[in-house]
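Peer 1: Below: one structure in structure tokens.
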Amino acid sequence: MQRRVFLKSGALALVTMGLSPSFLRRMVYAQGMPAPQKGKVLICLFQRGAADALNIVVPHGDASYYALRPNIAIARPGAADGAIDLDGYFGLHPSMAPLKPLWDRGMLAPVHAVGSPSSTRSHFDAQDYMESGTPDVKGTPDGWLNRFLATKGTCDECKVPASPFRAVAFAQQTPRIMEGPAPTIAMSSLNDFTIRATGSDVERLEALYRTGSADLIHGAGAETFDAVKMLKEANPQRYAAEHDAIYPKSPFGQSLKQIAQLVKADVGLEIAFADVGGWDTHVNQGGATGQLANRLGDFAQAIAALVTDLGDRMDDVVIMTMSEFGRMAKQNGNGGTDHGHAGALFVIGGHVQGHKVHGKWPGLAQEQLNEGRDLALTTDFRAVFSEVVHKHIGATRTDALFPGFTSTTAVGVV
């Protein structure tokens, strides 16, 4: 095959592996791969579709909750299929029982009535605003996680080549939150990454990349194969979870298992991202059982397995969940809930401020609802995100991550 044709097809193959163009352009190894690295890790998990906060972190102490949801409310603690009590006022959905031990250990910090100040009820716009970090500002070119990567811990700053696995998303393509000039990787799975990057055909391709003329394609190929070799050393296909952790077989569960693999392989991971859909419960949402309960069971089991698997490494890891908005306080006529406003999220880690449901509770009485129908917003999501990235992974320019936003009070989750 002529070299120019081989390079062209090879470049397309590398793109299908999920490597962003910025990764291919900027990841340079003058003296080979960097040594294995340990450090703080932030894992962001996006619940796409607007998760129902009121049935996730249940305000069983608010009588209005039961008046608004006569058929889908979660019963009070102590009743059959009742909420798992946290503090006498709030509880977890019973399907989230795997997370209760984390609360007991002080590792689970829920935040309620949190979300975007934008009034949009569009999934697309609300997700865009949360991932760009700029509510109601369309056209922001990059995501806030990429802005963190670009402003903290760069090669110019640390004088050491950044790991090619510094920021990894388990997704078919780079998520909005990680788009931007800083190098990132998106992949569907570690196994696909290594399988596609092994074999005699790829070895011949690598030889052409490494010995060809010093053009962009040659440089990109050399850097890519260095990353592949680094991952092969971690041997993801032979990974076994520790501490009797059992991950769900779902795509989400397997994504979290692979995040654990990267954390424990010490390949320099700082940011990991995964998302899971299925939270748009307009019809037949269910209460303690049903559609939402099934989704929450998988979600909680996967997170609990990740924490168990990582063991003492959770001292250096924070897991943060998010969803674009919550759902209406009152159930609809189809046994579900429509698009709402404020929601809930979780911050999980070895050094979070657990044993407390954070955020100011606005109440669910008619006069306390946003627009007379939604849980009102009392905590801007940017206050939580900026606090976590500042205190956990050392971001010093939170104004650059969330332009135009200044938090007036500490949330206190970390």
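Residues in the structure tokens are numbered from 1 in each chain, the chains being A, B, ... in the order shown, and ligands are numbered from 1 in the order shown.
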Counting only C-alpha atoms, give me one row per residue of segment 349-385 of chain A with an atom at most 12 Å from an atom of segment 38-42 of chain A, showing the shortest contact pair and its distance in Å to one decimal, sorted by chain then residue number, as a tab-separated table.
Peer 2:
residue	atom	partner	partner_atom	distance
A:Gly349	CA	A:Leu42	CA	9.6
A:Gly350	CA	A:Lys40	CA	11.5
A:His351	CA	A:Lys40	CA	11.7
A:Phe385	CA	A:Leu42	CA	10.7
Peer 1: Take the residues just selected and output them with C-alpha atoms as a PDB file, in the first residue's frame.
Peer 2:
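Listing of result.pdb after writing:
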ATOM      1  CA  GLY A 349     -14.888  10.356  48.655  1.00  0.00           C
ATOM      2  CA  GLY A 350     -12.592   9.563  51.514  1.00  0.00           C
ATOM      3  CA  HIS A 351     -12.370  13.159  52.670  1.00  0.00           C
ATOM      4  CA  PHE A 385     -18.232  22.038  41.082  1.00  0.00           C
TER       5      PHE A 385
END
Peer 1: With only C-alpha atoms as the counted atoms, please give the residues lying no more than 7 Å from segment 389-397 of chain A, apart from itself and same-chain residues fewer than 6 positions off, as an mmCIF file with N, CA and C atoms, in the first residue's frame.
Peer 2:
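What landed in selection.cif:
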data_model
loop_
_atom_site.group_PDB
_atom_site.id
_atom_site.type_symbol
_atom_site.label_atom_id
_atom_site.label_comp_id
_atom_site.auth_asym_id
_atom_site.auth_seq_id
_atom_site.Cartn_x
_atom_site.Cartn_y
_atom_site.Cartn_z
ATOM 1 N N LYS A 40 -4.346 12.943 42.764
ATOM 2 C CA LYS A 40 -5.772 13.104 42.994
ATOM 3 C C LYS A 40 -6.540 12.831 41.703
ATOM 4 N N PHE A 148 -10.248 23.233 33.035
ATOM 5 C CA PHE A 148 -9.390 22.875 34.164
ATOM 6 C C PHE A 148 -8.081 22.286 33.663
ATOM 7 N N LYS A 152 -4.464 24.127 34.656
ATOM 8 C CA LYS A 152 -3.785 23.569 35.819
ATOM 9 C C LYS A 152 -3.023 22.315 35.443
ATOM 10 N N VAL A 414 -16.544 19.413 50.636
ATOM 11 C CA VAL A 414 -15.172 18.926 50.770
ATOM 12 C C VAL A 414 -14.368 19.870 51.631
#
Peer 1: Would you list the contacts of Gly363 of chain A as a tab-separated table (two decimals) with C-alpha atoms, in the first residue's frame, taking every protein, DNA or RNA residue within 12 Å and counting only C-alpha atoms, but skipping same-chain residues closer than 3 positions in sequence?
Peer 2:
chain	number	residue	atom	x	y	z
A	54	LEU	CA	-37.31	13.99	45.02
A	59	PRO	CA	-37.71	14.50	51.73
A	60	HIS	CA	-39.83	12.18	53.85
A	61	GLY	CA	-40.03	14.82	56.57
A	62	ASP	CA	-41.92	17.22	54.26
A	63	ALA	CA	-45.65	16.42	54.30
A	64	SER	CA	-46.16	18.23	51.00
A	65	TYR	CA	-44.05	15.59	49.27
A	89	TYR	CA	-35.76	14.30	57.35
A	112	HIS	CA	-30.26	18.90	47.42
A	113	ALA	CA	-32.07	21.72	45.60
A	329	ALA	CA	-42.72	18.14	42.22
A	342	ALA	CA	-33.63	22.00	40.84
A	359	GLY	CA	-27.83	22.71	50.55
A	360	LYS	CA	-30.70	24.80	51.85
A	366	GLN	CA	-47.28	25.52	47.02
A	367	GLU	CA	-45.88	28.96	47.82
A	368	GLN	CA	-42.35	27.51	48.09
A	369	LEU	CA	-42.25	25.92	44.65
A	370	ASN	CA	-40.49	27.44	41.65
A	372	GLY	CA	-45.66	26.94	41.43
A	373	ARG	CA	-44.56	23.49	40.24
A	374	ASP	CA	-40.86	22.70	40.79
A	375	LEU	CA	-38.37	22.23	43.59
A	376	ALA	CA	-36.78	25.67	43.92
A	377	LEU	CA	-33.06	26.18	43.34
A	378	THR	CA	-31.01	27.19	46.37
Peer 1: Can you list, as a compact mmCIF listing (two decimals) with N, CA and C atoms, in the first residue's frame, all residues belonging to segment 225-371 of chain A that DSSP tags as strand (DSSP E or B)?
Peer 2:
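And here's out-v3.txt as it stands now:
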# COMPACT_ATOMS: atom_id res chain seq x y z
N VAL A 267 -1.55 5.38 35.71
CA VAL A 267 -1.14 5.89 34.41
C VAL A 267 -1.26 7.41 34.33
N ILE A 271 -8.74 13.04 35.51
CA ILE A 271 -10.16 13.24 35.27
C ILE A 271 -10.72 12.03 34.55
N ALA A 272 -11.82 11.48 35.08
CA ALA A 272 -12.53 10.41 34.39
C ALA A 272 -14.00 10.82 34.29
N PHE A 273 -14.62 10.40 33.21
CA PHE A 273 -16.01 10.77 32.96
C PHE A 273 -16.77 9.58 32.40
N ALA A 274 -18.00 9.41 32.86
CA ALA A 274 -18.91 8.43 32.28
C ALA A 274 -20.33 8.97 32.42
N ASP A 275 -21.19 8.56 31.53
CA ASP A 275 -22.59 9.00 31.64
C ASP A 275 -23.52 7.81 31.48
N VAL A 276 -24.76 8.02 31.90
CA VAL A 276 -25.76 6.97 31.82
C VAL A 276 -27.11 7.62 31.58
N VAL A 317 -9.55 10.09 45.75
CA VAL A 317 -10.57 10.10 44.69
C VAL A 317 -11.83 10.78 45.20
N VAL A 318 -12.43 11.61 44.34
CA VAL A 318 -13.77 12.13 44.58
C VAL A 318 -14.63 11.79 43.38
N ILE A 319 -15.81 11.25 43.66
CA ILE A 319 -16.81 10.95 42.64
C ILE A 319 -17.90 12.00 42.75
N MET A 320 -18.27 12.62 41.64
CA MET A 320 -19.31 13.65 41.66
C MET A 320 -20.34 13.35 40.59
N THR A 321 -21.60 13.27 40.99
CA THR A 321 -22.67 13.00 40.04
C THR A 321 -23.35 14.31 39.64
N MET A 322 -24.09 14.26 38.54
CA MET A 322 -24.79 15.46 38.07
C MET A 322 -25.91 15.05 37.12
N ARG A 327 -37.09 17.16 38.27
CA ARG A 327 -38.38 16.94 37.67
C ARG A 327 -39.46 17.63 38.49
N MET A 328 -40.63 17.82 37.91
CA MET A 328 -41.69 18.53 38.60
C MET A 328 -42.04 17.85 39.92
N HIS A 339 -40.49 17.63 33.17
CA HIS A 339 -39.26 18.39 33.37
C HIS A 339 -39.45 19.44 34.45
N GLY A 343 -32.43 19.94 41.26
CA GLY A 343 -32.26 18.51 41.41
C GLY A 343 -31.42 18.18 42.62
N ALA A 344 -30.70 17.07 42.52
CA ALA A 344 -29.82 16.63 43.60
C ALA A 344 -28.58 15.99 42.97
N LEU A 345 -27.49 16.01 43.68
CA LEU A 345 -26.27 15.35 43.25
C LEU A 345 -25.57 14.75 44.46
N PHE A 346 -24.57 13.91 44.17
CA PHE A 346 -23.78 13.29 45.24
C PHE A 346 -22.31 13.61 45.05
N VAL A 347 -21.63 13.88 46.15
CA VAL A 347 -20.18 13.97 46.18
C VAL A 347 -19.70 12.87 47.12
N ILE A 348 -18.81 12.01 46.62
CA ILE A 348 -18.40 10.81 47.34
C ILE A 348 -16.88 10.74 47.38
N GLY A 349 -16.34 10.48 48.55
CA GLY A 349 -14.89 10.36 48.66
C GLY A 349 -14.43 10.12 50.08
N HIS A 358 -26.41 18.34 52.20
CA HIS A 358 -26.00 19.74 52.03
C HIS A 358 -27.02 20.51 51.20
N ASN A 370 -40.89 26.59 42.77
CA ASN A 370 -40.49 27.44 41.65
C ASN A 370 -41.59 27.42 40.60
Peer 1: Any idea what the distance is between atom CA of Met187 of chain A and atom CA of Gln173 of chain A?
Peer 2: 7.1 Å
Peer 1: Mind giving me the straight-line distance from atom CA of Phe252 of chain A to atom CA of Leu86 of chain A in Å, one decimal?
Peer 2: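 Atom-to-atom, atom CA of Phe252 of chain A and atom CA of Leu86 of chain A are spaced 25.9 Å apart.
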Peer 1: Calculate how many Å separate atom CA of Asp312 of chain A from atom CA of Val263 of chain A, rounding to one decimal.
Peer 2: 11.8 Å
Peer 1: Identify which of the residues A:Asn284, A:Ser323, A:Thr409, A:Thr174 lies closest to His123 of chain A, counting only C-alpha atoms when measuring atom-to-atom distances.
Peer 2: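 Ranking A:Asn284, A:Ser323, A:Thr409, A:Thr174 by distance to His123 of chain A, first place goes to A:Ser323.
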Peer 1: Using only C-alpha atoms, can you tell me which of A:Gly404, A:Gly311, A:Pro248, A:Gly277 comes closest to Lys264 of chain A?
Peer 2: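 Looking only at the distances to Lys264 of chain A, the closest residue turns out to be A:Gly311.
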Peer 1: Compare A:Asn191, A:Ser407, A:Ser132, A:Thr281 by their minimum atom-to-atom distance to Gly340 of chain A, counting only C-alpha atoms, and give me the closest one.
Peer 2: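 Selected residue with least distance to Gly340 of chain A: A:Thr281.
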Peer 1: Find the residue from A:Gln353, A:Gln254, A:Thr337, A:Thr151 that sits nearest to Trp279 of chain A; use only C-alpha atoms when measuring.
Peer 2: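 Of A:Gln353, A:Gln254, A:Thr337, A:Thr151, the one nearest Trp279 of chain A, counting only C-alpha atoms, is A:Thr337.
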Peer 1: Tell me, as a list in words, which residues lie within 8 Å of Gly286 of chain A, counting only C-alpha atoms; anything in the same chain fewer than 4 positions away does not count.
Peer 2: Ile72, Gly290, Gln291, Leu292, Ala293, Gly335 and Gly336 of chain A
Peer 1: Now that the selection is made, can you save its residues with C-alpha atoms as a short mmCIF file (atom, residue, chain, number, x, y, z; two decimals), in the first residue's frame?
Peer 2:
data_model
loop_
_atom_site.label_atom_id
_atom_site.label_comp_id
_atom_site.auth_asym_id
_atom_site.auth_seq_id
_atom_site.Cartn_x
_atom_site.Cartn_y
_atom_site.Cartn_z
CA ILE A 72 -45.20 7.42 43.23
CA GLY A 290 -40.46 0.11 38.59
CA GLN A 291 -38.58 2.05 35.95
CA LEU A 292 -36.75 4.57 38.12
CA ALA A 293 -36.05 2.00 40.84
CA GLY A 335 -47.69 8.04 36.56
CA GLY A 336 -44.51 9.95 35.85
#
Peer 1: Between A:Phe405, A:Pro110, A:Arg313, A:Pro94, single out the one closest to Ala79 of chain A, counting only C-alpha atoms.
Peer 2: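 For Ala79 of chain A, the nearest of the candidates is A:Pro94.
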Peer 1: Near Lys356 of chain A, within 9 Å and counting only C-alpha atoms, which residues show up once chain neighbours fewer than 6 positions away are dropped, as a VMD selection string?
Peer 2: chain A and resid 86 to 87 103 106 108 to 111 413
Peer 1: Could those residues be written to a file, using N, CA and C atoms, as a compact mmCIF listing (two decimals), in the first residue's frame?
Peer 2:
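Heads up, here's the output in out_11.txt:
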# COMPACT_ATOMS: atom_id res chain seq x y z
N LEU A 86 -31.65 8.92 56.42
CA LEU A 86 -30.31 9.47 56.54
C LEU A 86 -30.18 10.32 57.80
N ASP A 87 -31.09 11.28 57.96
CA ASP A 87 -30.92 12.23 59.06
C ASP A 87 -32.22 12.56 59.78
N TRP A 103 -22.68 6.49 53.42
CA TRP A 103 -23.19 7.52 54.34
C TRP A 103 -22.72 7.22 55.77
N GLY A 106 -19.26 8.25 56.40
CA GLY A 106 -18.97 9.66 56.18
C GLY A 106 -18.40 9.96 54.81
N LEU A 108 -20.35 9.89 51.91
CA LEU A 108 -21.41 10.29 50.99
C LEU A 108 -21.97 11.64 51.40
N ALA A 109 -21.91 12.61 50.49
CA ALA A 109 -22.39 13.97 50.76
C ALA A 109 -23.41 14.36 49.69
N PRO A 110 -24.70 14.11 49.92
CA PRO A 110 -25.71 14.58 48.97
C PRO A 110 -25.87 16.10 49.03
N VAL A 111 -26.22 16.67 47.91
CA VAL A 111 -26.56 18.10 47.84
C VAL A 111 -27.94 18.19 47.21
N VAL A 413 -18.99 20.66 50.97
CA VAL A 413 -18.98 19.22 50.69
C VAL A 413 -17.59 18.61 50.80
